[in-house]
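So this one's start24.pdb, PDB, C-alpha atoms, pLDDT in the B column:
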```pdb
ATOM      1  CA  GLU A   1      23.193  -4.778 -30.912  1.00 74.00           C
ATOM      2  CA  ILE A   2      24.761  -3.072 -27.884  1.00 77.00           C
ATOM      3  CA  PHE A   3      23.720   0.337 -29.212  1.00 74.00           C
ATOM      4  CA  ARG A   4      20.120  -0.880 -29.688  1.00 75.00           C
ATOM      5  CA  GLU A   5      19.998  -2.261 -26.135  1.00 82.00           C
ATOM      6  CA  GLN A   6      21.268   1.045 -24.740  1.00 84.00           C
ATOM      7  CA  ILE A   7      18.571   2.975 -26.583  1.00 82.00           C
ATOM      8  CA  GLU A   8      15.864   0.560 -25.473  1.00 83.00           C
ATOM      9  CA  GLN A   9      16.989   0.727 -21.859  1.00 86.00           C
ATOM     10  CA  THR A  10      17.049   4.541 -21.943  1.00 86.00           C
ATOM     11  CA  VAL A  11      13.516   4.662 -23.345  1.00 84.00           C
ATOM     12  CA  LEU A  12      12.174   2.173 -20.789  1.00 86.00           C
ATOM     13  CA  VAL A  13      13.762   4.101 -17.912  1.00 89.00           C
ATOM     14  CA  LYS A  14      12.236   7.335 -19.232  1.00 87.00           C
ATOM     15  CA  MET A  15       8.814   5.683 -19.347  1.00 87.00           C
ATOM     16  CA  ASP A  16       9.145   4.639 -15.704  1.00 88.00           C
ATOM     17  CA  GLN A  17      10.245   8.169 -14.840  1.00 90.00           C
ATOM     18  CA  LEU A  18       7.153   9.622 -16.532  1.00 88.00           C
ATOM     19  CA  VAL A  19       4.845   7.380 -14.538  1.00 87.00           C
ATOM     20  CA  TYR A  20       6.713   8.233 -11.325  1.00 87.00           C
ATOM     21  CA  GLU A  21       6.351  11.962 -12.052  1.00 90.00           C
ATOM     22  CA  TYR A  22       2.648  11.421 -12.682  1.00 88.00           C
ATOM     23  CA  TYR A  23       2.260   9.726  -9.307  1.00 83.00           C
ATOM     24  CA  GLN A  24       4.102  12.618  -7.683  1.00 85.00           C
ATOM     25  CA  ASP A  25       1.679  15.056  -9.383  1.00 86.00           C
ATOM     26  CA  ALA A  26       4.472  16.634 -11.445  1.00 91.00           C
ATOM     27  CA  LEU A  27       2.644  15.649 -14.662  1.00 89.00           C
ATOM     28  CA  THR A  28      -1.039  15.484 -15.484  1.00 88.00           C
ATOM     29  CA  GLU A  29      -2.600  12.313 -16.797  1.00 87.00           C
ATOM     30  CA  ASP A  30      -2.919  13.874 -20.262  1.00 89.00           C
ATOM     31  CA  GLU A  31       0.747  14.930 -20.340  1.00 90.00           C
ATOM     32  CA  THR A  32       1.822  11.467 -19.272  1.00 87.00           C
ATOM     33  CA  ARG A  33      -0.322   9.774 -21.903  1.00 84.00           C
ATOM     34  CA  VAL A  34       1.002  12.099 -24.637  1.00 87.00           C
ATOM     35  CA  PHE A  35       4.610  11.347 -23.720  1.00 85.00           C
ATOM     36  CA  LEU A  36       3.919   7.625 -23.585  1.00 82.00           C
ATOM     37  CA  SER A  37       2.138   7.709 -26.952  1.00 81.00           C
ATOM     38  CA  ARG A  38       5.256   9.206 -28.505  1.00 81.00           C
ATOM     39  CA  VAL A  39       7.271   6.295 -27.178  1.00 75.00           C
ATOM     40  CA  GLY A  40       4.693   3.962 -28.707  1.00 67.00           C
ATOM     41  CA  LYS A  41       6.414   4.438 -32.032  1.00 70.00           C
ATOM     42  CA  PHE A  42       9.102   2.060 -30.811  1.00 70.00           C
ATOM     43  CA  GLY A  43       7.802  -1.472 -31.179  1.00 73.00           C
ATOM     44  CA  PHE A  44      10.029  -2.829 -28.412  1.00 74.00           C
ATOM     45  CA  ALA A  45       8.179  -0.683 -25.862  1.00 74.00           C
ATOM     46  CA  ASP A  46       4.651  -2.000 -26.504  1.00 77.00           C
ATOM     47  CA  ARG A  47       4.517  -4.277 -23.477  1.00 79.00           C
ATOM     48  CA  HIS A  48       6.028  -1.628 -21.236  1.00 82.00           C
ATOM     49  CA  ILE A  49       3.493   0.937 -22.473  1.00 82.00           C
ATOM     50  CA  THR A  50       0.722  -1.418 -21.375  1.00 83.00           C
ATOM     51  CA  GLU A  51       2.318  -1.732 -17.929  1.00 85.00           C
ATOM     52  CA  CYS A  52       2.670   2.052 -17.657  1.00 85.00           C
ATOM     53  CA  THR A  53      -0.938   2.560 -18.730  1.00 84.00           C
ATOM     54  CA  ASP A  54      -2.058   0.103 -16.054  1.00 85.00           C
ATOM     55  CA  LEU A  55      -0.061   2.085 -13.477  1.00 83.00           C
ATOM     56  CA  ILE A  56      -1.755   5.286 -14.599  1.00 84.00           C
ATOM     57  CA  LYS A  57      -5.148   3.674 -14.071  1.00 84.00           C
ATOM     58  CA  ALA A  58      -4.002   2.363 -10.690  1.00 82.00           C
ATOM     59  CA  LYS A  59      -3.318   5.896  -9.457  1.00 84.00           C
ATOM     60  CA  ASP A  60      -7.056   6.612  -9.462  1.00 84.00           C
ATOM     61  CA  VAL A  61      -7.637   3.503  -7.365  1.00 86.00           C
ATOM     62  CA  SER A  62      -4.809   4.518  -5.047  1.00 88.00           C
ATOM     63  CA  ARG A  63      -6.161   8.027  -4.595  1.00 88.00           C
ATOM     64  CA  ALA A  64      -9.676   6.707  -3.989  1.00 91.00           C
ATOM     65  CA  ALA A  65      -8.280   4.325  -1.368  1.00 93.00           C
ATOM     66  CA  TYR A  66      -6.524   7.211   0.385  1.00 93.00           C
ATOM     67  CA  ALA A  67      -9.718   9.293   0.393  1.00 94.00           C
ATOM     68  CA  ALA A  68     -11.696   6.335   1.757  1.00 96.00           C
ATOM     69  CA  GLY A  69      -9.058   5.802   4.439  1.00 95.00           C
ATOM     70  CA  GLU A  70      -9.298   9.428   5.507  1.00 96.00           C
ATOM     71  CA  ALA A  71     -13.092   9.200   5.693  1.00 96.00           C
ATOM     72  CA  HIS A  72     -12.951   6.037   7.800  1.00 96.00           C
ATOM     73  CA  LEU A  73     -10.305   7.555  10.053  1.00 95.00           C
ATOM     74  CA  ALA A  74     -12.440  10.666  10.593  1.00 95.00           C
ATOM     75  CA  ALA A  75     -15.362   8.392  11.494  1.00 96.00           C
ATOM     76  CA  GLN A  76     -13.079   6.466  13.886  1.00 95.00           C
ATOM     77  CA  GLU A  77     -13.596   3.302  11.838  1.00 96.00           C
ATOM     78  CA  TYR A  78     -10.001   2.223  12.316  1.00 96.00           C
ATOM     79  CA  ALA A  79     -10.073  -1.288  10.851  1.00 95.00           C
ATOM     80  CA  GLU A  80     -11.721   0.002   7.672  1.00 96.00           C
ATOM     81  CA  ALA A  81      -9.238   2.895   7.518  1.00 96.00           C
ATOM     82  CA  VAL A  82      -6.281   0.516   7.695  1.00 96.00           C
ATOM     83  CA  GLN A  83      -7.717  -1.659   4.948  1.00 94.00           C
ATOM     84  CA  ALA A  84      -8.155   1.389   2.699  1.00 94.00           C
ATOM     85  CA  PHE A  85      -4.749   2.917   3.463  1.00 95.00           C
ATOM     86  CA  ARG A  86      -3.020  -0.392   2.688  1.00 92.00           C
ATOM     87  CA  GLN A  87      -4.290  -0.071  -0.905  1.00 90.00           C
ATOM     88  CA  VAL A  88      -2.378   3.179  -1.484  1.00 91.00           C
ATOM     89  CA  ARG A  89       0.391   2.402  -3.947  1.00 82.00           C
ATOM     90  CA  GLU A  90       4.013   2.913  -2.985  1.00 79.00           C
ATOM     91  CA  GLN A  91       4.564   5.215  -5.981  1.00 75.00           C
ATOM     92  CA  ASP A  92       1.779   7.528  -4.840  1.00 78.00           C
ATOM     93  CA  ALA A  93       2.738  10.876  -3.321  1.00 77.00           C
ATOM     94  CA  GLN A  94       0.285  10.095  -0.517  1.00 86.00           C
ATOM     95  CA  TYR A  95       1.972   6.795   0.377  1.00 89.00           C
ATOM     96  CA  ASP A  96       3.946   8.177   3.330  1.00 91.00           C
ATOM     97  CA  ALA A  97       0.846   9.870   4.726  1.00 92.00           C
ATOM     98  CA  ALA A  98      -1.053   6.583   4.369  1.00 94.00           C
ATOM     99  CA  GLN A  99       1.685   4.743   6.270  1.00 94.00           C
ATOM    100  CA  ASP A 100       1.557   7.390   9.016  1.00 95.00           C
ATOM    101  CA  ALA A 101      -2.210   6.950   9.222  1.00 95.00           C
ATOM    102  CA  ILE A 102      -1.791   3.177   9.570  1.00 95.00           C
ATOM    103  CA  ALA A 103       0.656   3.780  12.430  1.00 94.00           C
ATOM    104  CA  LEU A 104      -1.885   6.077  14.071  1.00 95.00           C
ATOM    105  CA  CYS A 105      -4.579   3.414  13.714  1.00 95.00           C
ATOM    106  CA  ARG A 106      -2.229   0.876  15.244  1.00 93.00           C
ATOM    107  CA  THR A 107      -1.752   3.120  18.265  1.00 92.00           C
ATOM    108  CA  VAL A 108      -5.352   4.213  18.699  1.00 93.00           C
ATOM    109  CA  TYR A 109      -7.201   1.070  17.648  1.00 95.00           C
ATOM    110  CA  GLY A 110      -4.690  -1.747  17.805  1.00 94.00           C
ATOM    111  CA  ASP A 111      -3.433  -1.066  21.302  1.00 92.00           C
ATOM    112  CA  ARG A 112      -7.022  -0.767  22.562  1.00 94.00           C
ATOM    113  CA  GLN A 113      -7.961  -4.074  20.903  1.00 94.00           C
ATOM    114  CA  LEU A 114      -4.887  -5.766  22.327  1.00 94.00           C
ATOM    115  CA  GLU A 115      -5.841  -4.571  25.809  1.00 95.00           C
ATOM    116  CA  ARG A 116      -9.304  -6.013  25.178  1.00 95.00           C
ATOM    117  CA  ALA A 117      -7.651  -9.338  24.266  1.00 94.00           C
ATOM    118  CA  ARG A 118      -5.691  -9.276  27.526  1.00 93.00           C
ATOM    119  CA  GLU A 119      -8.911  -8.648  29.450  1.00 95.00           C
ATOM    120  CA  MET A 120     -10.567 -11.580  27.679  1.00 95.00           C
ATOM    121  CA  LEU A 121      -7.657 -13.807  28.614  1.00 92.00           C
ATOM    122  CA  SER A 122      -7.902 -12.665  32.236  1.00 93.00           C
ATOM    123  CA  ALA A 123     -11.598 -13.557  32.139  1.00 95.00           C
ATOM    124  CA  ASN A 124     -10.571 -17.000  30.825  1.00 92.00           C
ATOM    125  CA  ASN A 125     -12.001 -16.285  27.359  1.00 93.00           C
ATOM    126  CA  LYS A 126      -9.046 -17.850  25.572  1.00 91.00           C
ATOM    127  CA  ASN A 127     -10.744 -18.215  22.198  1.00 92.00           C
ATOM    128  CA  GLY A 128     -11.825 -14.582  22.174  1.00 94.00           C
ATOM    129  CA  ALA A 129      -8.351 -13.419  23.196  1.00 93.00           C
ATOM    130  CA  ARG A 130      -6.692 -15.490  20.493  1.00 92.00           C
ATOM    131  CA  GLN A 131      -9.157 -14.296  17.862  1.00 94.00           C
ATOM    132  CA  ALA A 132      -8.672 -10.624  18.790  1.00 93.00           C
ATOM    133  CA  ALA A 133      -4.870 -10.916  18.546  1.00 93.00           C
ATOM    134  CA  GLU A 134      -5.053 -12.810  15.249  1.00 93.00           C
ATOM    135  CA  GLU A 135      -7.397 -10.196  13.797  1.00 94.00           C
ATOM    136  CA  LEU A 136      -4.878  -7.468  14.644  1.00 93.00           C
ATOM    137  CA  ILE A 137      -2.082  -9.374  12.932  1.00 93.00           C
ATOM    138  CA  ASP A 138      -4.273  -9.973   9.872  1.00 93.00           C
ATOM    139  CA  LEU A 139      -5.317  -6.327   9.741  1.00 94.00           C
ATOM    140  CA  PHE A 140      -1.895  -4.739  10.133  1.00 92.00           C
ATOM    141  CA  GLY A 141       0.212  -7.410   8.437  1.00 86.00           C
ATOM    142  CA  THR A 142       2.699  -7.317  11.268  1.00 84.00           C
ATOM    143  CA  TYR A 143       1.986  -6.293  14.811  1.00 87.00           C
ATOM    144  CA  PRO A 144       4.889  -7.302  17.092  1.00 90.00           C
ATOM    145  CA  THR A 145       3.030  -6.696  20.367  1.00 89.00           C
ATOM    146  CA  ALA A 146       0.078  -8.817  19.243  1.00 90.00           C
ATOM    147  CA  GLU A 147       2.445 -11.476  17.934  1.00 91.00           C
ATOM    148  CA  GLU A 148       4.246 -11.576  21.310  1.00 91.00           C
ATOM    149  CA  PHE A 149       0.902 -11.798  23.111  1.00 90.00           C
ATOM    150  CA  LEU A 150      -0.193 -14.642  20.854  1.00 86.00           C
ATOM    151  CA  THR A 151       3.108 -16.467  21.326  1.00 88.00           C
ATOM    152  CA  SER A 152       3.033 -16.103  25.106  1.00 84.00           C
ATOM    153  CA  PHE A 153      -0.635 -17.090  25.135  1.00 70.00           C
ATOM    154  CA  THR A 154       0.124 -20.195  23.053  1.00 67.00           C
ATOM    155  CA  LEU A 155       3.055 -21.142  25.312  1.00 59.00           C
ATOM    156  CA  THR A 156       0.972 -20.834  28.493  1.00 61.00           C
ATOM    157  CA  ALA A 157      -1.888 -22.787  26.908  1.00 56.00           C
ATOM    158  CA  GLU A 158       0.365 -25.781  26.265  1.00 51.00           C
TER     159      GLU A 158
END
```
As structure tokens, please, write out the structure in this file.
Amino acid sequence: EIFREQIEQTVLVKMDQLVYEYYQDALTEDETRVFLSRVGKFGFADRHITECTDLIKAKDVSRAAYAAGEAHLAAQEYAEAVQAFRQVREQDAQYDAAQDAIALCRTVYGDRQLERAREMLSANNKNGARQAAEELIDLFGTYPTAEEFLTSFTLTAE
């Protein structure tokens, strides 16, 4: 029983490694599928093969999201770029570049929008200011400066 578990664990780890190497462009899709099909001879790996196959399909979606993010960024459509870059999978070799692009969007777009929110608040447009800050938080997931602005705005409104 212990021997069987060790073999199964080794095979499952190797399957994960193959998918990781595919995401890092070290293996082609065909090579990855061939290796995984060989593992398919082990009945215990059926469910894991399905998960790996889904991850292979997800790479195409991830790469398309990165390309869309780049296109939106080039067109200075920052909100759309962030939404696309957030779809890049963590396993993808382009993940770090996508995170850097999100940080750039935060600086270029987010800071400008936050300044716009401050101007709205100064003009006594409290609803607009709140909405602008909330949109930034929704877009970026976390945005400490916008969160601080929203908190201070909420405290002064009370």
For this file, the PyMOL selection byres ((chain A and resi 145) around 10) selects which residues, as an MDAnalysis selection string?
-> chainID A and resid 110:111 114 133 136:137 142:144 146:151
Keeping only C-alpha atoms, write the selected residues to a file as a PDB file, in the frame of the given file.
```pdb
ATOM      1  CA  GLY A 110      -4.690  -1.747  17.805  1.00 94.00           C
ATOM      2  CA  ASP A 111      -3.433  -1.066  21.302  1.00 92.00           C
ATOM      3  CA  LEU A 114      -4.887  -5.766  22.327  1.00 94.00           C
ATOM      4  CA  ALA A 133      -4.870 -10.916  18.546  1.00 93.00           C
ATOM      5  CA  LEU A 136      -4.878  -7.468  14.644  1.00 93.00           C
ATOM      6  CA  ILE A 137      -2.082  -9.374  12.932  1.00 93.00           C
ATOM      7  CA  THR A 142       2.699  -7.317  11.268  1.00 84.00           C
ATOM      8  CA  TYR A 143       1.986  -6.293  14.811  1.00 87.00           C
ATOM      9  CA  PRO A 144       4.889  -7.302  17.092  1.00 90.00           C
ATOM     10  CA  ALA A 146       0.078  -8.817  19.243  1.00 90.00           C
ATOM     11  CA  GLU A 147       2.445 -11.476  17.934  1.00 91.00           C
ATOM     12  CA  GLU A 148       4.246 -11.576  21.310  1.00 91.00           C
ATOM     13  CA  PHE A 149       0.902 -11.798  23.111  1.00 90.00           C
ATOM     14  CA  LEU A 150      -0.193 -14.642  20.854  1.00 86.00           C
ATOM     15  CA  THR A 151       3.108 -16.467  21.326  1.00 88.00           C
TER      16      THR A 151
END
```
Could you pull the residues within 12 Å of Lys57 of chain A, counting all atoms listed in the file, minus those fewer than 3 positions along the same chain, as a list in words?
-> Val19, Tyr22, Tyr23, Glu29, Thr32, Arg33, Thr50, Glu51, Cys52, Thr53, Asp54, Asp60, Val61, Ser62, Arg63, Ala64 and Arg89 of chain A
Residues from last step as file, C-alpha atoms, as a PDB file, keeping the file's coordinate frame:
```
ATOM      1  CA  VAL A  19       4.845   7.380 -14.538  1.00 87.00           C
ATOM      2  CA  TYR A  22       2.648  11.421 -12.682  1.00 88.00           C
ATOM      3  CA  TYR A  23       2.260   9.726  -9.307  1.00 83.00           C
ATOM      4  CA  GLU A  29      -2.600  12.313 -16.797  1.00 87.00           C
ATOM      5  CA  THR A  32       1.822  11.467 -19.272  1.00 87.00           C
ATOM      6  CA  ARG A  33      -0.322   9.774 -21.903  1.00 84.00           C
ATOM      7  CA  THR A  50       0.722  -1.418 -21.375  1.00 83.00           C
ATOM      8  CA  GLU A  51       2.318  -1.732 -17.929  1.00 85.00           C
ATOM      9  CA  CYS A  52       2.670   2.052 -17.657  1.00 85.00           C
ATOM     10  CA  THR A  53      -0.938   2.560 -18.730  1.00 84.00           C
ATOM     11  CA  ASP A  54      -2.058   0.103 -16.054  1.00 85.00           C
ATOM     12  CA  ASP A  60      -7.056   6.612  -9.462  1.00 84.00           C
ATOM     13  CA  VAL A  61      -7.637   3.503  -7.365  1.00 86.00           C
ATOM     14  CA  SER A  62      -4.809   4.518  -5.047  1.00 88.00           C
ATOM     15  CA  ARG A  63      -6.161   8.027  -4.595  1.00 88.00           C
ATOM     16  CA  ALA A  64      -9.676   6.707  -3.989  1.00 91.00           C
ATOM     17  CA  ARG A  89       0.391   2.402  -3.947  1.00 82.00           C
TER      18      ARG A  89
END
```
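Near Gln94 of chain A, within 12 Å and counting all atoms listed in the file, sit Tyr23, Gln24, Asp25, Lys59, Ser62, Arg63, Ala64, Ala65, Tyr66, Ala67, Gly69, Glu70, Phe85, Arg86, Gln87, Val88, Asp100 and Ala101 of chain A, not including residues fewer than 6 positions from it in the same chain.
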9 Å contact set for Tyr20 of chain A, all atoms listed in the file, chain neighbours under 5 positions out, as a VMD selection string = chain A and resid 15 25 to 26 91 to 92
Give me a file of those residues, with C-alpha atoms, as a short mmCIF file (atom, residue, chain, number, x, y, z; two decimals), in the frame of the given file.
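Result saved to part_27.cif:
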```cif
data_model
loop_
_atom_site.label_atom_id
_atom_site.label_comp_id
_atom_site.auth_asym_id
_atom_site.auth_seq_id
_atom_site.Cartn_x
_atom_site.Cartn_y
_atom_site.Cartn_z
CA MET A 15 8.81 5.68 -19.35
CA ASP A 25 1.68 15.06 -9.38
CA ALA A 26 4.47 16.63 -11.44
CA GLN A 91 4.56 5.22 -5.98
CA ASP A 92 1.78 7.53 -4.84
#
```
Choose the residue, out of A:Phe153, A:Arg4, A:Gly43, A:Arg106, that has the smallest atom-to-atom separation from Asn124 of chain A; count all atoms listed in the file.
-> A:Phe153
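Using all atoms listed in the file, the contacts of Leu139 of chain A at a cut-off of 9 Å, with sequence neighbours closer than 6 positions omitted, comprise Ala79, Val82 and Gln83 of chain A.
Going from atom CA of His48 of chain A over to atom CA of Leu12 of chain A, you cover 7.2 Å.
As for atom CA of Gly128 of chain A and atom CA of Gln99 of chain A, they are spaced 28.4 Å apart.
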Residue among A:Glu8, A:Glu135, A:Ser152, A:Ala71 lying closest to Leu121 of chain A, counting all atoms listed in the file = A:Ser152
May I have the protein, DNA and RNA residues with an atom at most 8 Å from (-14.5, 3.6, 4.8), counting only C-alpha atoms in the file's coordinates, returned as number ranges by chain?
-> A: 68-73, 77, 80-81, 84
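Taking atom CA of Gln131 of chain A and atom CA of Leu104 of chain A as the two end points, the separation is 22.0 Å.
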File contents for segment 61-80 of chain A with N, CA, C and O atoms as a CSV table (one decimal), in the first residue's frame:
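The result, stored in result.csv:
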```
chain,number,residue,atom,x,y,z
A,61,VAL,N,-6.4,30.6,-23.2
A,61,VAL,CA,-7.3,31.7,-22.7
A,61,VAL,C,-6.3,32.8,-22.0
A,61,VAL,O,-6.5,34.0,-22.2
A,62,SER,N,-5.4,32.3,-21.2
A,62,SER,CA,-4.4,33.1,-20.5
A,62,SER,C,-3.6,34.0,-21.5
A,62,SER,O,-3.4,35.2,-21.4
A,63,ARG,N,-3.1,33.3,-22.6
A,63,ARG,CA,-2.3,34.0,-23.6
A,63,ARG,C,-3.2,35.0,-24.3
A,63,ARG,O,-2.7,36.1,-24.7
A,64,ALA,N,-4.4,34.7,-24.6
A,64,ALA,CA,-5.3,35.6,-25.3
A,64,ALA,C,-5.6,36.8,-24.4
A,64,ALA,O,-5.7,38.0,-24.9
A,65,ALA,N,-5.7,36.6,-23.1
A,65,ALA,CA,-6.0,37.7,-22.2
A,65,ALA,C,-4.8,38.6,-22.1
A,65,ALA,O,-4.9,39.8,-22.1
A,66,TYR,N,-3.6,38.0,-22.1
A,66,TYR,CA,-2.4,38.9,-22.1
A,66,TYR,C,-2.3,39.7,-23.4
A,66,TYR,O,-2.0,40.9,-23.3
A,67,ALA,N,-2.6,39.1,-24.5
A,67,ALA,CA,-2.5,39.9,-25.8
A,67,ALA,C,-3.6,41.0,-25.8
A,67,ALA,O,-3.3,42.1,-26.3
A,68,ALA,N,-4.8,40.7,-25.3
A,68,ALA,CA,-5.8,41.7,-25.2
A,68,ALA,C,-5.4,42.8,-24.3
A,68,ALA,O,-5.6,44.0,-24.6
A,69,GLY,N,-4.8,42.5,-23.2
A,69,GLY,CA,-4.3,43.5,-22.2
A,69,GLY,C,-3.3,44.4,-22.9
A,69,GLY,O,-3.3,45.6,-22.7
A,70,GLU,N,-2.3,43.8,-23.6
A,70,GLU,CA,-1.3,44.6,-24.3
A,70,GLU,C,-2.0,45.6,-25.3
A,70,GLU,O,-1.6,46.7,-25.4
A,71,ALA,N,-3.0,45.1,-26.0
A,71,ALA,CA,-3.7,45.9,-27.0
A,71,ALA,C,-4.4,47.1,-26.3
A,71,ALA,O,-4.3,48.2,-26.8
A,72,HIS,N,-5.1,46.8,-25.2
A,72,HIS,CA,-5.8,47.8,-24.5
A,72,HIS,C,-4.8,48.8,-23.9
A,72,HIS,O,-5.1,50.0,-23.9
A,73,LEU,N,-3.7,48.3,-23.4
A,73,LEU,CA,-2.7,49.2,-22.8
A,73,LEU,C,-2.1,50.2,-23.9
A,73,LEU,O,-2.0,51.4,-23.7
A,74,ALA,N,-1.8,49.6,-25.1
A,74,ALA,CA,-1.3,50.4,-26.2
A,74,ALA,C,-2.3,51.5,-26.6
A,74,ALA,O,-2.0,52.6,-27.0
A,75,ALA,N,-3.6,51.2,-26.5
A,75,ALA,CA,-4.7,52.1,-26.8
A,75,ALA,C,-5.0,53.0,-25.7
A,75,ALA,O,-6.0,53.8,-25.8
A,76,GLN,N,-4.3,52.9,-24.6
A,76,GLN,CA,-4.5,53.7,-23.4
A,76,GLN,C,-5.9,53.5,-22.8
A,76,GLN,O,-6.5,54.4,-22.2
A,77,GLU,N,-6.4,52.3,-22.9
A,77,GLU,CA,-7.7,51.8,-22.4
A,77,GLU,C,-7.3,51.1,-21.1
A,77,GLU,O,-7.3,49.8,-21.1
A,78,TYR,N,-7.0,51.8,-20.0
A,78,TYR,CA,-6.4,51.2,-18.9
A,78,TYR,C,-7.3,50.3,-18.1
A,78,TYR,O,-6.9,49.2,-17.6
A,79,ALA,N,-8.6,50.6,-17.9
A,79,ALA,CA,-9.5,49.8,-17.2
A,79,ALA,C,-9.7,48.4,-17.9
A,79,ALA,O,-9.6,47.4,-17.3
A,80,GLU,N,-9.8,48.5,-19.2
A,80,GLU,CA,-9.9,47.3,-20.0
A,80,GLU,C,-8.6,46.4,-19.9
A,80,GLU,O,-8.7,45.2,-19.9
```
